[in-house]
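Undergrad: Contents are compact mmCIF, C-alpha atoms; file name upload-v7.txt:
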```txt
# COMPACT_ATOMS: atom_id res chain seq x y z
CA MET A 1448 -11.34 -38.20 -15.28
CA SER A 1449 -12.44 -37.85 -11.68
CA PHE A 1450 -14.18 -35.31 -9.54
CA ILE A 1451 -10.85 -34.45 -7.96
CA SER A 1452 -8.66 -34.39 -11.08
CA GLU A 1453 -11.16 -32.13 -12.79
CA GLN A 1454 -11.19 -29.83 -9.75
CA TYR A 1455 -14.93 -29.32 -10.00
CA TYR A 1456 -15.17 -27.46 -6.71
CA ARG A 1457 -12.34 -25.13 -7.75
CA LYS A 1458 -14.16 -24.40 -10.99
CA LEU A 1459 -17.35 -23.77 -9.05
CA CYS A 1460 -15.47 -21.29 -6.85
CA ASN A 1461 -14.31 -19.46 -9.95
CA GLN A 1462 -17.89 -19.15 -11.15
CA LEU A 1463 -19.06 -17.98 -7.73
CA PHE A 1464 -16.29 -15.38 -7.58
CA ILE A 1465 -17.31 -13.98 -10.96
CA GLN A 1466 -20.90 -13.74 -9.71
CA ILE A 1467 -19.80 -12.05 -6.47
CA ASN A 1468 -18.03 -9.37 -8.49
CA ASN A 1469 -20.99 -8.89 -10.80
CA THR A 1470 -22.39 -5.93 -8.93
CA SER A 1471 -25.09 -5.24 -11.48
CA GLY A 1472 -26.63 -8.69 -11.45
CA TYR A 1473 -26.91 -9.32 -7.72
CA ASN A 1474 -27.95 -7.35 -4.67
CA ALA A 1475 -25.98 -7.24 -1.41
CA VAL A 1476 -27.85 -10.20 0.12
CA ASP A 1477 -27.30 -12.29 -3.00
CA ARG A 1478 -23.59 -11.54 -2.93
CA GLU A 1479 -23.30 -12.50 0.73
CA VAL A 1480 -24.94 -15.84 -0.02
CA LEU A 1481 -22.49 -16.31 -2.88
CA ARG A 1482 -19.55 -15.41 -0.60
CA ARG A 1483 -20.66 -18.00 1.96
CA ASP A 1484 -21.03 -20.66 -0.73
CA PHE A 1485 -17.66 -19.67 -2.17
CA VAL A 1486 -15.79 -20.12 1.13
CA SER A 1487 -17.58 -23.36 1.93
CA ARG A 1488 -16.74 -24.92 -1.45
CA LEU A 1489 -13.21 -23.55 -1.25
CA TYR A 1490 -12.59 -25.38 2.03
CA TYR A 1491 -13.85 -28.64 0.56
CA THR A 1492 -11.68 -28.09 -2.51
CA GLY A 1493 -8.64 -28.01 -0.25
CA PHE A 1494 -9.80 -30.69 2.15
CA LEU A 1495 -10.62 -33.21 -0.59
CA HIS A 1496 -7.40 -32.51 -2.46
CA CYS A 1497 -5.38 -33.17 0.70
CA ALA A 1498 -7.41 -36.27 1.63
CA VAL A 1499 -7.09 -37.85 -1.81
CA THR A 1500 -3.43 -36.87 -2.17
CA LEU A 1501 -2.61 -38.41 1.21
CA GLY A 1502 -4.69 -41.52 0.52
CA ILE A 1503 -7.20 -40.87 3.29
CA ASP A 1504 -10.72 -42.06 2.54
CA SER A 1505 -12.64 -39.12 3.95
CA SER A 1506 -16.00 -40.86 3.66
CA ASN A 1507 -14.95 -43.81 5.83
CA VAL A 1508 -12.36 -42.46 8.25
CA ARG A 1509 -13.65 -41.23 11.60
CA ASP A 1510 -12.91 -37.54 12.25
CA SER A 1511 -11.51 -37.40 8.74
CA HIS A 1512 -11.16 -33.60 8.79
CA ASN A 1513 -8.96 -33.70 11.88
CA VAL A 1514 -7.02 -36.67 10.53
CA VAL A 1515 -6.31 -34.91 7.24
CA ILE A 1516 -5.39 -31.59 8.83
CA ASN A 1517 -3.13 -33.20 11.42
CA SER A 1518 -1.32 -35.09 8.65
CA LEU A 1519 -0.15 -31.85 7.05
CA SER A 1520 2.99 -29.82 7.66
CA ASN A 1521 2.44 -26.84 9.94
CA GLU A 1522 2.42 -24.48 6.95
CA HIS A 1523 -0.36 -26.29 5.10
CA LYS A 1524 -2.13 -27.24 8.31
CA LEU A 1525 -2.62 -23.56 9.14
CA SER A 1526 -3.91 -22.81 5.64
CA LEU A 1527 -6.50 -25.57 5.82
CA VAL A 1528 -7.48 -25.04 9.43
CA HIS A 1529 -8.09 -21.33 8.72
CA LEU A 1530 -10.26 -22.26 5.75
CA LYS A 1531 -12.14 -24.73 7.97
CA LYS A 1532 -12.80 -22.00 10.51
CA LEU A 1533 -14.02 -19.65 7.76
CA ARG A 1534 -16.20 -22.43 6.36
CA LYS A 1535 -17.85 -22.76 9.76
CA ASP A 1536 -18.36 -19.00 9.94
CA ALA A 1537 -19.86 -19.04 6.46
CA ASP A 1538 -22.35 -21.72 7.41
CA TYR A 1539 -23.24 -20.70 10.96
CA LYS A 1540 -22.42 -17.06 11.69
CA THR A 1541 -25.23 -14.61 11.08
CA ALA A 1542 -22.97 -11.54 11.25
CA PRO A 1543 -21.87 -10.05 7.90
CA PHE A 1544 -19.53 -12.45 6.15
CA PRO A 1545 -16.65 -12.23 5.73
CA GLU A 1546 -15.93 -9.75 8.50
CA PRO A 1547 -15.67 -6.28 6.88
CA LEU A 1548 -12.28 -4.63 6.61
CA LYS A 1549 -11.56 -1.09 7.68
CA PHE A 1550 -10.78 0.37 4.26
CA LYS A 1551 -10.99 -2.24 1.52
CA ASN A 1552 -13.90 -4.27 0.23
CA GLN A 1553 -13.98 -7.58 2.13
CA ASP A 1554 -13.86 -9.46 -1.16
CA VAL A 1555 -10.08 -9.00 -1.17
CA LYS A 1556 -10.13 -11.70 1.54
CA LEU A 1557 -11.73 -14.02 -0.99
CA GLN A 1558 -9.06 -13.15 -3.55
CA ARG A 1559 -6.41 -14.11 -1.02
CA LEU A 1560 -8.21 -17.38 -0.30
CA MET A 1561 -8.15 -18.21 -4.02
CA ALA A 1562 -4.36 -17.89 -3.89
CA VAL A 1563 -4.27 -20.06 -0.76
CA ILE A 1564 -6.30 -22.83 -2.37
CA ASP A 1565 -4.28 -22.70 -5.58
CA ASP A 1566 -1.15 -23.12 -3.49
CA ILE A 1567 -2.65 -26.19 -1.78
CA LEU A 1568 -3.72 -27.68 -5.12
CA LEU A 1569 -0.11 -27.46 -6.33
CA GLN A 1570 1.08 -29.71 -3.48
CA ASN A 1571 1.72 -33.43 -3.73
CA SER A 1572 1.83 -36.00 -0.94
CA ALA A 1573 5.46 -35.21 -0.15
CA THR A 1574 5.17 -31.43 -0.06
CA LEU A 1575 1.89 -31.45 1.87
CA CYS A 1576 3.60 -33.18 4.76
CA ALA A 1577 7.10 -31.72 4.46
CA MET B 434 -3.32 3.95 -3.96
CA GLN B 435 0.03 2.39 -4.71
CA THR B 436 0.43 -0.73 -6.77
CA LEU B 437 3.10 -3.10 -5.61
CA SER B 438 5.82 -3.69 -8.12
CA LEU B 439 8.34 -6.47 -8.16
CA THR B 440 11.07 -3.95 -7.55
CA ASN B 441 9.95 -3.87 -3.92
CA GLU B 442 10.89 -7.49 -3.42
CA GLY B 443 14.50 -6.81 -2.64
CA ARG B 444 13.73 -4.49 0.26
CA TYR B 445 13.75 -7.03 2.98
CA SER B 446 14.33 -6.89 6.68
CA MET B 447 16.98 -4.63 8.05
CA PHE B 448 17.57 -7.32 10.65
CA ASP B 449 19.04 -9.55 7.97
CA PHE B 450 22.09 -7.37 7.94
CA GLY B 451 22.73 -7.55 11.64
CA ASN B 452 21.89 -3.92 12.24
CA SER B 453 19.84 -2.61 15.10
CA PHE B 454 16.38 -1.35 14.26
CA ASN B 455 16.49 1.92 12.35
CA LYS B 456 13.45 3.80 13.60
CA ASN B 457 13.98 6.68 11.20
CA SER B 458 13.68 4.53 8.10
CA PHE B 459 10.84 2.59 9.69
CA ILE B 460 8.69 5.64 10.26
CA LYS B 461 9.50 7.31 6.96
CA ASP B 462 6.34 6.34 5.06
CA ILE B 463 4.15 5.45 7.96
CA ASP B 464 0.41 5.43 7.71
CA GLU B 465 -1.70 7.21 10.32
CA SER B 466 -3.80 4.16 11.19
CA ALA B 467 -0.73 2.06 11.76
CA ALA B 468 0.54 4.93 13.89
CA LYS B 469 -2.43 4.60 16.19
CA PHE B 470 -1.99 0.84 16.32
CA LEU B 471 1.65 1.03 17.22
CA GLY B 472 1.04 3.94 19.54
CA ARG B 473 -1.26 1.66 21.50
CA PHE B 474 1.59 -0.76 22.05
CA LEU B 475 3.79 2.05 23.20
CA ASN B 476 1.10 3.16 25.65
CA ILE B 477 0.73 6.54 23.99
CA GLU B 478 -2.96 7.19 23.58
CA GLY B 479 -3.84 8.53 20.15
CA ALA B 480 -0.20 9.01 19.33
CA SER B 481 0.92 9.58 15.81
CA TYR B 482 3.50 7.10 14.72
CA LYS B 483 6.27 9.63 14.39
CA THR B 484 5.43 11.18 17.72
CA ALA B 485 5.30 7.80 19.35
CA PHE B 486 8.75 6.91 18.21
CA SER B 487 10.31 10.23 18.97
CA LYS B 488 8.84 10.26 22.47
CA ASN B 489 9.61 6.69 23.38
CA SER B 490 13.07 5.50 22.61
CA SER B 491 12.41 2.18 24.32
CA ILE B 492 11.39 0.87 20.92
CA ASP B 493 15.10 0.40 20.38
CA ASP B 494 15.05 -2.19 23.11
CA GLU B 495 14.23 -5.49 21.41
CA LYS B 496 12.58 -6.76 24.60
CA THR B 497 9.73 -4.26 24.23
CA ILE B 498 8.83 -5.19 20.67
CA THR B 499 5.75 -7.36 20.42
CA LEU B 500 5.03 -9.89 17.72
CA ASP B 501 2.52 -7.49 16.16
CA ILE B 502 5.23 -4.93 15.66
CA GLN B 503 7.66 -7.53 14.37
CA ILE B 504 5.08 -8.55 11.76
CA ALA B 505 4.41 -4.92 10.86
CA ARG B 506 8.12 -4.32 10.34
CA GLU B 507 8.50 -7.31 8.06
CA VAL B 508 5.44 -6.37 6.01
CA GLN B 509 6.72 -2.83 5.57
CA CYS B 510 10.09 -4.10 4.42
CA TYR B 511 8.33 -5.24 1.23
CA GLY B 512 7.27 -1.66 0.56
CA TYR B 513 3.71 -2.07 1.78
CA VAL B 514 1.85 0.55 3.78
CA ILE B 515 -0.24 -0.92 6.60
CA ALA B 516 -3.72 0.51 7.03
CA ASP B 517 -4.96 -1.71 9.84
CA ILE B 518 -3.95 -4.70 11.94
CA ARG B 519 -6.43 -6.98 13.69
CA GLU B 520 -5.90 -9.93 15.95
CA ASN B 521 -8.37 -12.78 16.39
CA ASP B 522 -8.31 -16.11 18.17
CA PHE B 523 -10.18 -19.29 17.40
CA GLU B 524 -10.18 -22.96 18.29
CA GLU B 525 -10.21 -25.81 15.84
CA ILE B 526 -9.21 -29.49 15.88
CA GLY B 527 -8.76 -29.16 19.64
CA GLN B 528 -6.08 -26.48 19.34
CA SER B 529 -5.89 -22.70 19.70
CA PHE B 530 -4.97 -20.50 16.76
CA LYS B 531 -4.34 -16.80 16.34
CA VAL B 532 -4.93 -14.79 13.16
CA TYR B 533 -3.24 -11.48 12.41
CA THR B 534 -5.13 -9.73 9.61
CA ILE B 535 -2.99 -7.05 8.01
CA GLU B 536 -4.93 -4.68 5.77
CA LEU B 537 -2.70 -2.85 3.33
CA ARG B 538 -3.19 0.58 1.80
CA ASN B 539 -1.67 -0.82 -1.36
CA GLU B 540 -3.95 -2.19 -4.05
CA ILE B 541 -2.83 -5.75 -4.77
CA SER B 542 -2.88 -7.08 -8.30
CA ASP B 543 -1.09 -10.36 -7.63
CA TYR B 544 -2.33 -12.28 -4.60
CA ASN B 545 -0.12 -15.24 -5.43
CA LEU B 546 2.94 -13.06 -4.98
CA LEU B 547 1.50 -11.58 -1.80
CA LEU B 548 0.86 -15.08 -0.44
CA LYS B 549 4.46 -16.03 -1.16
CA GLN B 550 5.65 -12.98 0.77
CA GLU B 551 3.20 -13.79 3.56
CA LYS B 552 4.68 -17.29 3.79
CA ASP B 553 8.23 -15.94 3.81
CA ILE B 554 7.35 -13.66 6.74
CA SER B 555 5.62 -16.51 8.57
CA LYS B 556 8.67 -18.73 8.17
CA LYS B 557 11.08 -16.01 9.18
CA LEU B 558 9.16 -15.21 12.37
CA GLY B 559 8.44 -18.86 13.16
CA LEU B 560 4.67 -18.32 13.05
CA TYR B 561 3.79 -21.75 11.66
CA ASP B 562 5.21 -23.50 14.70
CA ARG B 563 3.18 -21.28 17.02
CA ASN B 564 -0.24 -21.77 15.34
CA ILE B 565 -0.22 -18.14 14.20
CA ILE B 566 -1.85 -17.37 10.87
CA LEU B 567 -0.89 -14.29 8.89
CA GLU B 568 -3.60 -12.92 6.60
CA ILE B 569 -2.40 -10.03 4.44
CA VAL B 570 -4.97 -8.38 2.19
```
Starting from the file, give its structure as structure tokens.
TA:
Amino acid sequence: MSFISEQYYRKLCNQLFIQINNTSGYNAVDREVLRRDFVSRLYYTGFLHCAVTLGIDSSNVRDSHNVVINSLSNEHKLSLVHLKKLRKDADYKTAPFPEPLKFKNQDVKLQRLMAVIDDILLQNSATLCA
Amino acid sequence: MQTLSLTNEGRYSMFDFGNSFNKNSFIKDIDESAAKFLGRFLNIEGASYKTAFSKNSSIDDEKTITLDIQIAREVQCYGYVIADIRENDFEEIGQSFKVYTIELRNEISDYNLLLKQEKDISKKLGLYDRNIILEIV
């Protein structure tokens, strides 16, 4: 069993998502912190899956994030590059995160991202690059 | 709020059948916010969607239809009602990307299905090759 095969980060994201939706246990600031952690871990879930699947040693390759992303097909590249951008926002932007929607709760964006990451996790080396 | 059912899946683009754009069916269930959005592209300030289309027949000219409107059409072909559309740009890995965030009126119970539809639209409109990300929520 490995860190990747056990999908620890994905499991962590599940736990964070449950906490985000637990409106009675956390205040608004707590939930925003959880949202930021959720998106950050979600990006690394996808990045590490792609790196390992493509045989790229992310700890030793220079600019490993760019190398991994540029190895992907356009479809998966856009999914991961969008997650990378959101990860940066989560870690650096002080404005409310994620950006509020006009009508719905912004957490629907997180639900969509769960679907995105599950789609990436289903891919193998051939389909990631196809 | 509507819940999307699988029965909507078959309602795909009218362009698949080689027909010209049918503005009457397009505006049938239009949402007021989307009306304002599309009215903006038709240069009709504060226009309602139906008014915009009835006043400006140039929408029938494919040359005037922007990518935003093309995306909106495709999304609506799945039976969704668009509440808001936003456009954002960002740079990553030394390249420029554009994100279209489509907020639906519909409550979504299955985001995996929605993602599949999002991907189908992206492929159909060639968005992946143009660094354009579709985010439907």
Undergrad: So which one's closest to chain B, A:Ser1452, A:Ser1572, A:Asn1513, A:Ser1518? Using all atoms listed in the file, please.
TA: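 Nearest to chain B: A:Asn1513.
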Undergrad: Against chain A, which residues of chain B fall within 6 Å? For each one I want the closest pair of atoms and the distance in Å (one decimal), counting only C-alpha atoms, rows by chain and increasing residue number, as JSON lines.
TA:
```
{"residue": "B:Ile526", "atom": "CA", "partner": "A:Asn1513", "partner_atom": "CA", "distance": 5.8}
{"residue": "B:Tyr544", "atom": "CA", "partner": "A:Arg1559", "partner_atom": "CA", "distance": 5.7}
{"residue": "B:Asn545", "atom": "CA", "partner": "A:Ala1562", "partner_atom": "CA", "distance": 5.2}
{"residue": "B:Tyr561", "atom": "CA", "partner": "A:Asn1521", "partner_atom": "CA", "distance": 5.5}
```
Undergrad: Take the residues from that selection and put them in a file with C-alpha atoms, as a short mmCIF file (atom, residue, chain, number, x, y, z; two decimals), keeping the file's coordinate frame.
TA:
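File again-v6.cif, as written:
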```cif
data_model
loop_
_atom_site.label_atom_id
_atom_site.label_comp_id
_atom_site.auth_asym_id
_atom_site.auth_seq_id
_atom_site.Cartn_x
_atom_site.Cartn_y
_atom_site.Cartn_z
CA ILE B 526 -9.21 -29.49 15.88
CA TYR B 544 -2.33 -12.28 -4.60
CA ASN B 545 -0.12 -15.24 -5.43
CA TYR B 561 3.79 -21.75 11.66
#
```
Undergrad: Would you work out the distance separating atom CA of B:Leu546 from atom CA of B:Ser529, expressed in Å to one decimal?
TA: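 So the answer is 27.9 Å.
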Undergrad: Quick one: of B:Leu547, B:Asp517, B:Asp522, B:Leu500, who's nearest to B:Thr534, counting only C-alpha atoms?
TA: B:Asp517
Undergrad: If you measure from atom CA of A:Ile1467 to atom CA of A:Leu1481, what distance in Å do you get, rounded to one decimal?
TA: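 Going from atom CA of A:Ile1467 over to atom CA of A:Leu1481 covers 6.2 Å.
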Undergrad: For B:Ala505, find every residue with an atom within 10 Å (counting all atoms listed in the file), except residues of its own chain fewer than 2 positions away, and show them as number ranges by chain.
TA: B: 459, 467, 471, 499-503, 507-510, 513-515, 517-518, 535
Undergrad: From the coordinates supplied, stretch 503-533 of chain B should be written with N, CA and C atoms, as a JSON list (two decimals), in the first residue's frame.
TA:
```json
[["chain", "number", "residue", "atom", "x", "y", "z"],
["B", 503, "GLN", "N", -22.56, 30.94, -27.86],
["B", 503, "GLN", "CA", -22.49, 29.54, -28.32],
["B", 503, "GLN", "C", -22.52, 28.59, -27.12],
["B", 504, "ILE", "N", -21.75, 28.93, -26.09],
["B", 504, "ILE", "CA", -21.71, 28.09, -24.89],
["B", 504, "ILE", "C", -23.09, 28.07, -24.24],
["B", 505, "ALA", "N", -23.71, 29.24, -24.13],
["B", 505, "ALA", "CA", -25.03, 29.32, -23.51],
["B", 505, "ALA", "C", -26.04, 28.45, -24.25],
["B", 506, "ARG", "N", -25.98, 28.48, -25.56],
["B", 506, "ARG", "CA", -26.89, 27.66, -26.36],
["B", 506, "ARG", "C", -26.71, 26.18, -26.06],
["B", 507, "GLU", "N", -25.44, 25.76, -26.04],
["B", 507, "GLU", "CA", -25.16, 24.34, -25.83],
["B", 507, "GLU", "C", -25.63, 23.90, -24.44],
["B", 508, "VAL", "N", -25.37, 24.75, -23.44],
["B", 508, "VAL", "CA", -25.78, 24.42, -22.07],
["B", 508, "VAL", "C", -27.30, 24.29, -22.00],
["B", 509, "GLN", "N", -27.99, 25.19, -22.66],
["B", 509, "GLN", "CA", -29.46, 25.17, -22.61],
["B", 509, "GLN", "C", -30.04, 23.98, -23.36],
["B", 510, "CYS", "N", -29.30, 23.46, -24.30],
["B", 510, "CYS", "CA", -29.78, 22.29, -25.04],
["B", 510, "CYS", "C", -29.90, 21.06, -24.13],
["B", 511, "TYR", "N", -29.23, 21.08, -22.98],
["B", 511, "TYR", "CA", -29.36, 19.98, -22.02],
["B", 511, "TYR", "C", -30.54, 20.20, -21.07],
["B", 512, "GLY", "N", -31.27, 21.27, -21.27],
["B", 512, "GLY", "CA", -32.43, 21.53, -20.43],
["B", 512, "GLY", "C", -32.11, 22.39, -19.22],
["B", 513, "TYR", "N", -30.91, 22.94, -19.17],
["B", 513, "TYR", "CA", -30.54, 23.78, -18.03],
["B", 513, "TYR", "C", -31.00, 25.22, -18.26],
["B", 514, "VAL", "N", -31.24, 25.90, -17.15],
["B", 514, "VAL", "CA", -31.57, 27.32, -17.20],
["B", 514, "VAL", "C", -30.39, 28.09, -16.61],
["B", 515, "ILE", "N", -29.83, 28.99, -17.41],
["B", 515, "ILE", "CA", -28.63, 29.72, -16.98],
["B", 515, "ILE", "C", -29.02, 30.93, -16.14],
["B", 516, "ALA", "N", -28.40, 31.02, -14.96],
["B", 516, "ALA", "CA", -28.67, 32.15, -14.08],
["B", 516, "ALA", "C", -27.63, 33.25, -14.24],
["B", 517, "ASP", "N", -26.40, 32.86, -14.55],
["B", 517, "ASP", "CA", -25.34, 33.86, -14.65],
["B", 517, "ASP", "C", -24.16, 33.28, -15.44],
["B", 518, "ILE", "N", -23.48, 34.14, -16.16],
["B", 518, "ILE", "CA", -22.26, 33.72, -16.87],
["B", 518, "ILE", "C", -21.16, 34.72, -16.54],
["B", 519, "ARG", "N", -20.01, 34.21, -16.13],
["B", 519, "ARG", "CA", -18.87, 35.08, -15.84],
["B", 519, "ARG", "C", -17.66, 34.62, -16.64],
["B", 520, "GLU", "N", -16.82, 35.58, -16.94],
["B", 520, "GLU", "CA", -15.63, 35.29, -17.74],
["B", 520, "GLU", "C", -14.42, 35.80, -16.97],
["B", 521, "ASN", "N", -13.43, 34.94, -16.80],
["B", 521, "ASN", "CA", -12.20, 35.35, -16.11],
["B", 521, "ASN", "C", -10.98, 34.85, -16.87],
["B", 522, "ASP", "N", -9.91, 35.59, -16.76],
["B", 522, "ASP", "CA", -8.64, 35.19, -17.39],
["B", 522, "ASP", "C", -7.58, 34.96, -16.32],
["B", 523, "PHE", "N", -6.67, 34.06, -16.61],
["B", 523, "PHE", "CA", -5.53, 33.90, -15.70],
["B", 523, "PHE", "C", -4.35, 33.34, -16.49],
["B", 524, "GLU", "N", -3.19, 33.46, -15.88],
["B", 524, "GLU", "CA", -1.97, 32.93, -16.51],
["B", 524, "GLU", "C", -1.37, 31.86, -15.62],
["B", 525, "GLU", "N", -0.96, 30.80, -16.23],
["B", 525, "GLU", "CA", -0.31, 29.70, -15.52],
["B", 525, "GLU", "C", 0.64, 29.03, -16.49],
["B", 526, "ILE", "N", 1.65, 28.37, -15.97],
["B", 526, "ILE", "CA", 2.64, 27.63, -16.75],
["B", 526, "ILE", "C", 3.05, 28.39, -18.03],
["B", 527, "GLY", "N", 3.10, 29.72, -17.90],
["B", 527, "GLY", "CA", 3.54, 30.55, -19.01],
["B", 527, "GLY", "C", 2.54, 30.70, -20.14],
["B", 528, "GLN", "N", 1.29, 30.34, -19.88],
["B", 528, "GLN", "CA", 0.25, 30.44, -20.90],
["B", 528, "GLN", "C", -0.97, 31.19, -20.35],
["B", 529, "SER", "N", -1.80, 31.69, -21.27],
["B", 529, "SER", "CA", -3.03, 32.38, -20.87],
["B", 529, "SER", "C", -4.22, 31.42, -20.96],
["B", 530, "PHE", "N", -5.09, 31.53, -19.99],
["B", 530, "PHE", "CA", -6.30, 30.70, -19.96],
["B", 530, "PHE", "C", -7.50, 31.58, -19.69],
["B", 531, "LYS", "N", -8.65, 31.11, -20.18],
["B", 531, "LYS", "CA", -9.91, 31.81, -19.94],
["B", 531, "LYS", "C", -10.88, 30.82, -19.28],
["B", 532, "VAL", "N", -11.62, 31.31, -18.29],
["B", 532, "VAL", "CA", -12.62, 30.46, -17.62],
["B", 532, "VAL", "C", -14.00, 31.07, -17.82],
["B", 533, "TYR", "N", -14.92, 30.29, -18.33],
["B", 533, "TYR", "CA", -16.33, 30.69, -18.37],
["B", 533, "TYR", "C", -17.04, 29.95, -17.24]]
```
